[in-house]
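Okay, structure_30.cif now, which holds mmCIF, C-alpha atoms and all ligand atoms:
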```
data_final
#
loop_
_atom_site.label_atom_id
_atom_site.label_comp_id
_atom_site.auth_asym_id
_atom_site.auth_seq_id
_atom_site.Cartn_x
_atom_site.Cartn_y
_atom_site.Cartn_z
CA MET A 21 172.84 133.09 -82.88
CA ASN A 22 172.34 130.76 -85.81
CA THR A 23 168.90 131.48 -87.29
CA ASN A 24 169.42 129.50 -90.47
CA TYR A 25 167.26 126.39 -90.22
CA GLU A 26 165.31 124.42 -92.83
CA THR A 27 162.30 123.19 -90.84
CA ILE A 28 161.87 125.87 -88.19
CA LEU A 29 161.80 129.66 -88.17
CA PHE A 30 163.31 131.69 -85.34
CA GLU A 31 162.88 135.39 -84.78
CA VAL A 32 163.19 137.81 -81.89
CA GLU A 33 161.16 141.00 -81.67
CA ASN A 34 160.87 143.28 -78.64
CA GLU A 35 162.60 140.67 -76.45
CA ILE A 36 160.10 137.97 -77.44
CA ALA A 37 161.50 134.95 -79.28
CA THR A 38 159.23 132.99 -81.61
CA ILE A 39 159.89 129.45 -82.83
CA THR A 40 157.64 128.39 -85.72
CA VAL A 41 157.63 124.77 -86.87
CA ASN A 42 157.62 125.25 -90.62
CA ARG A 43 156.53 122.17 -92.57
CA PRO A 44 152.99 123.20 -93.50
CA LYS A 45 152.73 120.65 -96.33
CA ALA A 46 153.12 117.88 -93.73
CA LEU A 47 150.98 119.78 -91.19
CA ASN A 48 154.20 120.67 -89.34
CA ALA A 49 154.83 117.04 -88.38
CA LEU A 50 157.88 116.46 -86.21
CA SER A 51 160.55 114.81 -88.32
CA HIS A 52 163.96 113.93 -86.94
CA GLN A 53 165.26 117.09 -88.60
CA VAL A 54 162.67 119.29 -86.84
CA HIS A 55 163.64 117.83 -83.48
CA SER A 56 167.37 118.16 -84.23
CA GLU A 57 166.97 121.78 -85.27
CA ILE A 58 164.84 122.66 -82.24
CA ASN A 59 167.39 120.91 -80.03
CA ALA A 60 170.33 122.85 -81.50
CA LEU A 61 168.43 126.13 -81.33
CA LEU A 62 167.29 125.72 -77.72
CA LYS A 63 170.74 124.70 -76.52
CA GLU A 64 172.41 127.68 -78.21
CA PHE A 65 169.65 130.00 -76.99
CA MET A 66 169.96 128.80 -73.37
CA GLU A 67 173.69 129.47 -73.41
CA ALA A 68 173.33 132.91 -75.03
CA ASN A 69 170.34 134.06 -72.97
CA LYS A 70 171.67 133.39 -69.46
CA ASP A 71 171.44 137.11 -68.61
CA PHE A 72 168.17 137.62 -70.56
CA THR A 73 170.08 139.61 -73.19
CA ILE A 74 168.21 138.05 -76.13
CA ALA A 75 164.65 137.50 -74.92
CA LYS A 76 162.46 137.48 -71.84
CA GLY A 77 159.64 135.42 -73.28
CA MET A 78 159.05 132.82 -76.00
CA ILE A 79 156.23 131.64 -78.28
CA LEU A 80 156.10 128.20 -79.90
CA THR A 81 153.71 127.94 -82.85
CA GLY A 82 153.11 126.19 -86.18
CA ALA A 83 153.25 127.66 -89.69
CA GLU A 84 150.01 128.56 -91.49
CA GLU A 85 146.47 127.93 -90.28
CA LYS A 86 145.72 124.22 -90.42
CA ALA A 87 148.02 122.77 -87.79
CA PHE A 88 150.15 123.60 -84.81
CA ILE A 89 151.91 120.21 -85.12
CA ALA A 90 150.02 117.11 -86.38
CA GLY A 91 152.32 114.78 -84.45
CA ALA A 92 155.54 112.93 -85.01
CA ASP A 93 156.25 112.29 -88.68
CA ILE A 94 154.40 109.02 -89.31
CA LYS A 95 155.98 108.46 -92.73
CA GLU A 96 159.44 108.67 -91.18
CA MET A 97 158.46 106.39 -88.29
CA THR A 98 157.32 103.55 -90.56
CA LEU A 99 160.99 103.02 -91.52
CA MET A 100 162.54 103.28 -88.05
CA SER A 101 164.20 100.39 -86.22
CA ALA A 102 163.55 99.99 -82.47
CA ASP A 103 166.93 101.58 -81.70
CA GLU A 104 166.24 104.53 -84.01
CA ALA A 105 162.79 104.92 -82.44
CA GLU A 106 164.28 105.05 -78.96
CA ALA A 107 166.82 107.67 -80.10
CA PHE A 108 163.99 109.65 -81.73
CA ALA A 109 161.93 109.49 -78.52
CA ARG A 110 164.91 110.63 -76.43
CA LEU A 111 165.54 113.60 -78.77
CA GLY A 112 161.88 114.64 -78.60
CA GLN A 113 161.79 114.17 -74.83
CA ASP A 114 164.97 116.21 -74.52
CA ASN A 115 163.28 119.08 -76.37
CA THR A 116 160.27 118.96 -74.05
CA LEU A 117 162.66 119.13 -71.08
CA LEU A 118 164.55 122.05 -72.64
CA PHE A 119 161.30 124.06 -72.87
CA GLU A 120 160.75 123.36 -69.18
CA LEU A 121 164.34 124.27 -68.28
CA LEU A 122 164.43 127.54 -70.27
CA ASN A 123 164.86 130.58 -68.04
CA ILE A 124 161.92 132.42 -69.65
CA PRO A 125 158.18 131.70 -69.97
CA VAL A 126 157.15 129.81 -73.11
CA ILE A 127 153.58 130.01 -74.45
CA ALA A 128 152.40 127.38 -76.93
CA CYS A 129 150.12 129.13 -79.46
CA VAL A 130 148.00 126.35 -80.93
CA ASN A 131 146.02 126.72 -84.14
CA GLY A 132 144.42 123.65 -85.73
CA TYR A 133 145.77 120.17 -85.03
CA ALA A 134 147.93 119.50 -81.97
CA LEU A 135 147.96 115.72 -82.11
CA GLY A 136 150.36 113.18 -80.64
CA GLY A 137 153.81 114.75 -80.50
CA GLY A 138 152.17 118.14 -81.18
CA CYS A 139 150.06 117.90 -78.06
CA GLU A 140 153.15 116.75 -76.15
CA MET A 141 155.25 119.69 -77.34
CA ALA A 142 152.47 122.12 -76.38
CA MET A 143 152.17 120.57 -72.91
CA SER A 144 155.88 121.05 -72.24
CA CYS A 145 155.46 124.82 -72.63
CA ASP A 146 154.45 126.86 -69.57
CA PHE A 147 150.87 127.11 -70.78
CA ILE A 148 148.74 126.93 -73.91
CA PHE A 149 146.81 129.59 -75.80
CA ALA A 150 144.62 128.22 -78.60
CA THR A 151 142.22 129.29 -81.34
CA LYS A 152 138.66 128.02 -81.69
CA THR A 153 139.85 125.61 -84.41
CA ALA A 154 142.38 123.88 -82.17
CA VAL A 155 142.08 120.10 -81.86
CA PHE A 156 144.11 118.17 -79.30
CA GLY A 157 144.62 114.44 -78.86
CA GLN A 158 147.00 111.56 -78.22
CA PRO A 159 146.03 109.23 -81.12
CA GLU A 160 149.20 107.06 -80.92
CA VAL A 161 147.36 103.84 -80.00
CA LYS A 162 145.58 104.05 -83.36
CA LEU A 163 149.02 103.55 -84.94
CA GLY A 164 150.09 100.80 -82.54
CA LEU A 165 152.26 103.28 -80.64
CA ILE A 166 152.21 104.98 -77.26
CA PRO A 167 152.95 108.67 -76.71
CA GLY A 168 156.74 108.97 -76.83
CA PHE A 169 157.53 112.61 -76.09
CA GLY A 170 156.24 112.70 -72.51
CA GLY A 171 152.48 112.47 -73.17
CA THR A 172 151.95 109.53 -70.82
CA GLN A 173 153.32 111.70 -68.01
CA ARG A 174 152.36 115.32 -68.71
CA LEU A 175 148.74 114.82 -69.78
CA SER A 176 147.98 113.03 -66.48
CA LYS A 177 149.56 115.83 -64.50
CA LEU A 178 147.66 118.48 -66.44
CA VAL A 179 144.15 117.03 -66.61
CA GLY A 180 144.22 114.18 -64.05
CA ARG A 181 145.23 110.55 -64.58
CA ASN A 182 141.79 109.14 -65.32
CA ARG A 183 140.78 111.74 -67.90
CA ALA A 184 144.24 111.34 -69.49
CA LYS A 185 143.75 107.57 -69.71
CA GLU A 186 140.28 107.99 -71.20
CA ILE A 187 141.66 110.35 -73.88
CA THR A 188 144.74 108.20 -74.60
CA TYR A 189 143.04 104.77 -74.83
CA SER A 190 140.42 106.10 -77.25
CA GLY A 191 142.86 108.20 -79.29
CA ARG A 192 139.95 110.59 -79.76
CA ASN A 193 140.11 114.26 -80.63
CA VAL A 194 139.64 116.83 -77.87
CA ALA A 195 137.90 119.90 -79.26
CA ILE A 196 138.58 123.37 -77.93
CA GLU A 197 135.59 123.64 -75.57
CA GLU A 198 136.65 120.48 -73.73
CA ALA A 199 140.36 121.41 -73.84
CA LYS A 200 139.47 124.65 -72.05
CA GLU A 201 137.15 122.94 -69.58
CA ILE A 202 139.72 120.33 -68.49
CA GLY A 203 142.49 122.91 -68.12
CA LEU A 204 144.63 121.91 -71.07
CA VAL A 205 144.20 125.37 -72.59
CA VAL A 206 144.19 128.59 -70.55
CA SER A 207 142.76 131.05 -73.12
CA VAL A 208 140.83 130.74 -76.40
CA PHE A 209 140.96 133.21 -79.31
CA GLU A 210 138.98 133.83 -82.51
CA SER A 211 141.98 133.86 -84.85
CA LYS A 212 145.65 133.02 -84.99
CA GLU A 213 146.60 136.71 -85.31
CA GLU A 214 144.58 137.58 -82.22
CA MET A 215 146.19 134.70 -80.28
CA ILE A 216 149.78 135.62 -81.21
CA GLU A 217 149.10 139.28 -80.37
CA ALA A 218 147.62 138.29 -76.99
CA ALA A 219 150.65 136.11 -76.24
CA LYS A 220 152.95 139.02 -77.06
CA VAL A 221 150.95 141.39 -74.86
CA TYR A 222 151.01 138.86 -72.00
CA LEU A 223 154.79 138.35 -72.27
CA SER A 224 155.44 142.10 -72.59
CA LYS A 225 153.54 142.73 -69.37
CA ALA A 226 155.20 139.81 -67.57
CA MET A 227 158.66 141.06 -68.52
CA ARG A 228 158.08 144.23 -66.49
CA ASN A 229 158.39 141.92 -63.47
CA SER A 230 161.71 140.49 -62.38
CA PRO A 231 162.94 137.98 -65.01
CA HIS A 232 165.00 136.33 -62.30
CA ALA A 233 161.95 135.88 -60.06
CA ILE A 234 159.84 134.53 -62.96
CA TYR A 235 162.59 132.01 -63.73
CA GLU A 236 162.79 130.93 -60.09
CA ALA A 237 158.99 130.57 -59.91
CA LYS A 238 159.04 128.49 -63.11
CA ARG A 239 161.89 126.31 -61.86
CA VAL A 240 160.32 125.68 -58.45
CA MET A 241 156.84 125.01 -59.91
CA ASN A 242 158.23 122.55 -62.48
CA GLU A 243 160.41 120.79 -59.91
CA GLY A 244 157.55 120.61 -57.42
CA ASN A 245 155.34 118.96 -60.01
CA ASP A 246 157.35 115.76 -59.58
CA LEU A 247 157.66 115.86 -55.78
CA THR A 248 155.58 115.21 -52.68
CA ILE A 249 154.09 118.35 -51.10
CA THR A 250 156.67 118.19 -48.28
CA ASP A 251 159.61 117.97 -50.69
CA GLY A 252 158.08 120.63 -52.93
CA LEU A 253 157.69 123.03 -49.99
CA ASN A 254 161.32 122.38 -49.12
CA VAL A 255 162.43 123.34 -52.66
CA GLU A 256 160.25 126.47 -52.40
CA ALA A 257 161.71 127.50 -49.02
CA LYS A 258 165.28 127.12 -50.30
CA ALA A 259 164.54 129.16 -53.42
CA PHE A 260 162.70 131.77 -51.34
CA GLY A 261 165.77 132.12 -49.11
CA ALA A 262 168.22 132.25 -52.03
CA ILE A 263 166.26 134.95 -53.81
CA PHE A 264 167.08 137.32 -50.92
CA ASN A 265 170.62 137.39 -52.36
CA SER A 266 169.31 138.73 -55.68
CA ALA A 267 169.59 142.33 -56.83
CA ASP A 268 166.05 142.16 -58.23
CA MET A 269 164.55 141.29 -54.85
CA ARG A 270 166.35 144.23 -53.18
CA GLU A 271 165.27 146.53 -56.02
CA GLY A 272 161.65 145.35 -56.09
CA THR A 273 161.08 145.75 -52.36
CA ALA A 274 163.00 149.07 -52.18
CA ALA A 275 160.99 150.46 -55.11
CA PHE A 276 157.75 149.57 -53.33
CA VAL A 277 158.83 151.35 -50.16
CA GLU A 278 160.10 154.38 -52.11
CA LYS A 279 156.87 154.47 -54.18
CA ARG A 280 158.64 154.25 -57.54
CA LYS A 281 158.79 151.77 -60.42
CA PRO A 282 161.43 149.05 -60.01
CA VAL A 283 164.27 148.66 -62.49
CA PHE A 284 165.04 144.95 -62.67
CA ILE A 285 168.28 143.56 -64.07
CA GLY A 286 167.43 139.85 -64.05
CA LYS A 287 169.90 138.87 -61.31
N1 LIG A 301 153.19 112.68 -90.12
C1 LIG A 301 153.53 112.81 -91.43
N2 LIG A 301 152.74 113.44 -92.33
C2 LIG A 301 151.57 113.94 -91.89
C3 LIG A 301 151.17 113.83 -90.54
C4 LIG A 301 152.04 113.18 -89.62
N3 LIG A 301 151.79 113.08 -88.34
N4 LIG A 301 149.95 114.42 -90.42
C5 LIG A 301 149.62 114.86 -91.64
N5 LIG A 301 150.60 114.58 -92.53
C6 LIG A 301 150.63 114.90 -93.95
C7 LIG A 301 149.69 113.98 -94.73
O1 LIG A 301 150.32 112.75 -95.00
C8 LIG A 301 149.45 114.82 -95.98
O2 LIG A 301 150.58 114.69 -96.80
P1 LIG A 301 150.43 114.28 -98.37
O3 LIG A 301 149.71 112.99 -98.38
O4 LIG A 301 149.63 115.42 -98.96
O5 LIG A 301 151.84 114.21 -98.86
C9 LIG A 301 149.43 116.24 -95.45
O6 LIG A 301 150.11 116.20 -94.19
C10 LIG A 301 148.01 116.77 -95.21
O7 LIG A 301 147.36 115.86 -94.38
P2 LIG A 301 145.92 115.20 -94.75
O8 LIG A 301 145.74 115.16 -96.21
O9 LIG A 301 145.80 113.94 -93.98
O10 LIG A 301 144.95 116.30 -94.16
P3 LIG A 301 143.46 116.07 -93.62
O11 LIG A 301 142.90 117.44 -93.43
O12 LIG A 301 142.71 115.12 -94.47
O13 LIG A 301 143.66 115.40 -92.17
C11 LIG A 301 144.65 115.11 -90.00
C12 LIG A 301 144.29 116.10 -91.16
C13 LIG A 301 145.50 115.83 -88.96
C14 LIG A 301 143.35 114.62 -89.34
C15 LIG A 301 145.38 113.90 -90.61
O14 LIG A 301 146.49 114.38 -91.42
C16 LIG A 301 145.95 112.98 -89.57
O15 LIG A 301 145.24 112.16 -88.98
N6 LIG A 301 147.28 113.04 -89.34
C17 LIG A 301 147.93 112.17 -88.41
C18 LIG A 301 147.68 112.64 -87.00
C19 LIG A 301 148.29 111.69 -85.98
O16 LIG A 301 147.98 110.50 -85.94
N7 LIG A 301 149.22 112.25 -85.21
C20 LIG A 301 149.91 111.49 -84.22
C21 LIG A 301 151.15 110.99 -84.85
S1 LIG A 301 151.89 109.76 -83.84
C22 LIG A 301 157.68 107.66 -80.09
C23 LIG A 301 157.97 108.90 -80.49
C24 LIG A 301 156.98 109.74 -80.82
C25 LIG A 301 155.70 109.33 -80.78
C26 LIG A 301 155.39 108.07 -80.36
C27 LIG A 301 156.38 107.24 -79.99
N8 LIG A 301 158.69 106.77 -79.78
C28 LIG A 301 159.89 106.86 -80.57
C29 LIG A 301 158.51 105.69 -78.90
C30 LIG A 301 154.67 110.22 -81.22
C31 LIG A 301 153.76 109.75 -82.09
C32 LIG A 301 152.87 110.62 -82.80
O17 LIG A 301 152.87 111.81 -82.68
#
```
Output the structure of this file as structure tokens.
Ligand code: DAK
Amino acid sequence: MNTNYETILFEVENEIATITVNRPKALNALSHQVHSEINALLKEFMEANKDFTIAKGMILTGAEEKAFIAGADIKEMTLMSADEAEAFARLGQDNTLLFELLNIPVIACVNGYALGGGCEMAMSCDFIFATKTAVFGQPEVKLGLIPGFGGTQRLSKLVGRNRAKEITYSGRNVAIEEAKEIGLVVSVFESKEEMIEAAKVYLSKAMRNSPHAIYEAKRVMNEGNDLTITDGLNVEAKAFGAIFNSADMREGTAAFVEKRKPVFIGK
């Protein structure tokens, strides 16, 4: 896999892939180049990791301490035409969809500012770990913009439409206590090191389970998020049936009956 990028870092250790947005001087703001590089990386990774041969879990984080991602690059946006802005929004939206479509769990590890596009990128991960210094928000209206990487949709689904509207219209910051209380963040940590370590421990434990079953659970839960309960239950029933054709399901149930540890192959 190509790991040679200018604005992001990519590494894999113990089957856990980490993407770090690496523009600390601009508080890791999302330039067109950052989005293009994330897009190329995720597409190559998806193709190469179909059988979970590279990684079984992923972390998305920001370089250094001050910011996860302080939003889309405002300096770059001041020069964009409407057509360029639409293309930029589509690229960013595509990246948020790729995180949702990945066959492995992705944890956003948020330290410092996660504003605008940063909050949107974090919300497209499976869930969010954060440090005590984390600050969330959708401040786009302060710039005469609206959220353009899915924030108008995902924040409502995560915290409820009315709270999402209240946060978005004011453009205010959401501090960590509130982010935890409204369900934006699942766990809070004292330091970035502690948070990254906890994410690695979580993913290492999860990968003892069937990677295929985790992927199916992720797929069905994400699909169901956009459906009525009846349609969502239908998707679940189909996936539940199909998983009986998987080697992992046969192995997992047989191992239980034989009182031994299962050996999953991710199929
Ligand atoms: N873009 C570009 N540079 C940024 C940046 C950003 N979002 N945030 C910070 N920086 C840069 C600063 O300009 C500064 O650079 P220099 O001036 O030193 O060259 C450096 O990072 C350090 O920032 P500060 O000096 O401002 O640091 P402070 O501690 O004083 O303040 C801050 C930290 C996070 C409160 C402040 O930097 C800030 O307010 N940043 C902007 C946060 C924000 O408004 N984020 C939302 C961006 S809007 C769409 C597509 C996408 C979007 C919308 C529509 N379509 C195409 C339709 C998404 C929009 C957004 O995300």
*Which value, in Å to one decimal, gives the distance between atom P3 of ligand LIG 301 (chain A) and atom CA of A:Glu198?*
21.5 Å
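Residue nearest ligand LIG 301 (chain A) within the list A:Glu243, A:Glu104, A:Glu214, A:Glu57: A:Glu104 [criterion: smallest interatomic distance, all atoms listed in the file].
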_Pairwise distance for atom C22 of ligand LIG 301 (chain A) and atom CA of A:Ala92, rounded to one decimal in Å_ = 7.5 Å
*Protein and nucleic acid residues within 9 Å of ligand LIG 301 (chain A) (only C-alpha atoms and all ligand atoms) as a ChimeraX atom specification*: /A:43-51,86-87,89-97,100,102-113,132-140,155,157-163,165-171,191
*Pick from A:Asn115, A:Thr188, A:Thr23, A:Asn42, whichever lies nearest to A:Lys63 using only C-alpha atoms*: A:Asn115
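Coordinates place atom CA of A:Asn229 at a distance of 11.1 Å from atom CA of A:Glu271.
Nearest to A:Ala37 of all the residues A:Ala83, A:Met78, A:Ala274, A:Ala262 is A:Met78, based on only C-alpha atoms.
Take the candidates A:Gly82, A:Pro125, A:Gly286, A:Gly244 and check each one against A:Ser230 using all atoms listed in the file; the shortest distance goes to A:Gly286.
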*Identify, on the basis of only C-alpha atoms, every residue whose closest approach to A:Leu121 does not exceed 8 Å; exclude the query and any residue fewer than 3 positions from it along the same chain; express the result as a VMD selection string.*
chain A and resid 117 to 118 239
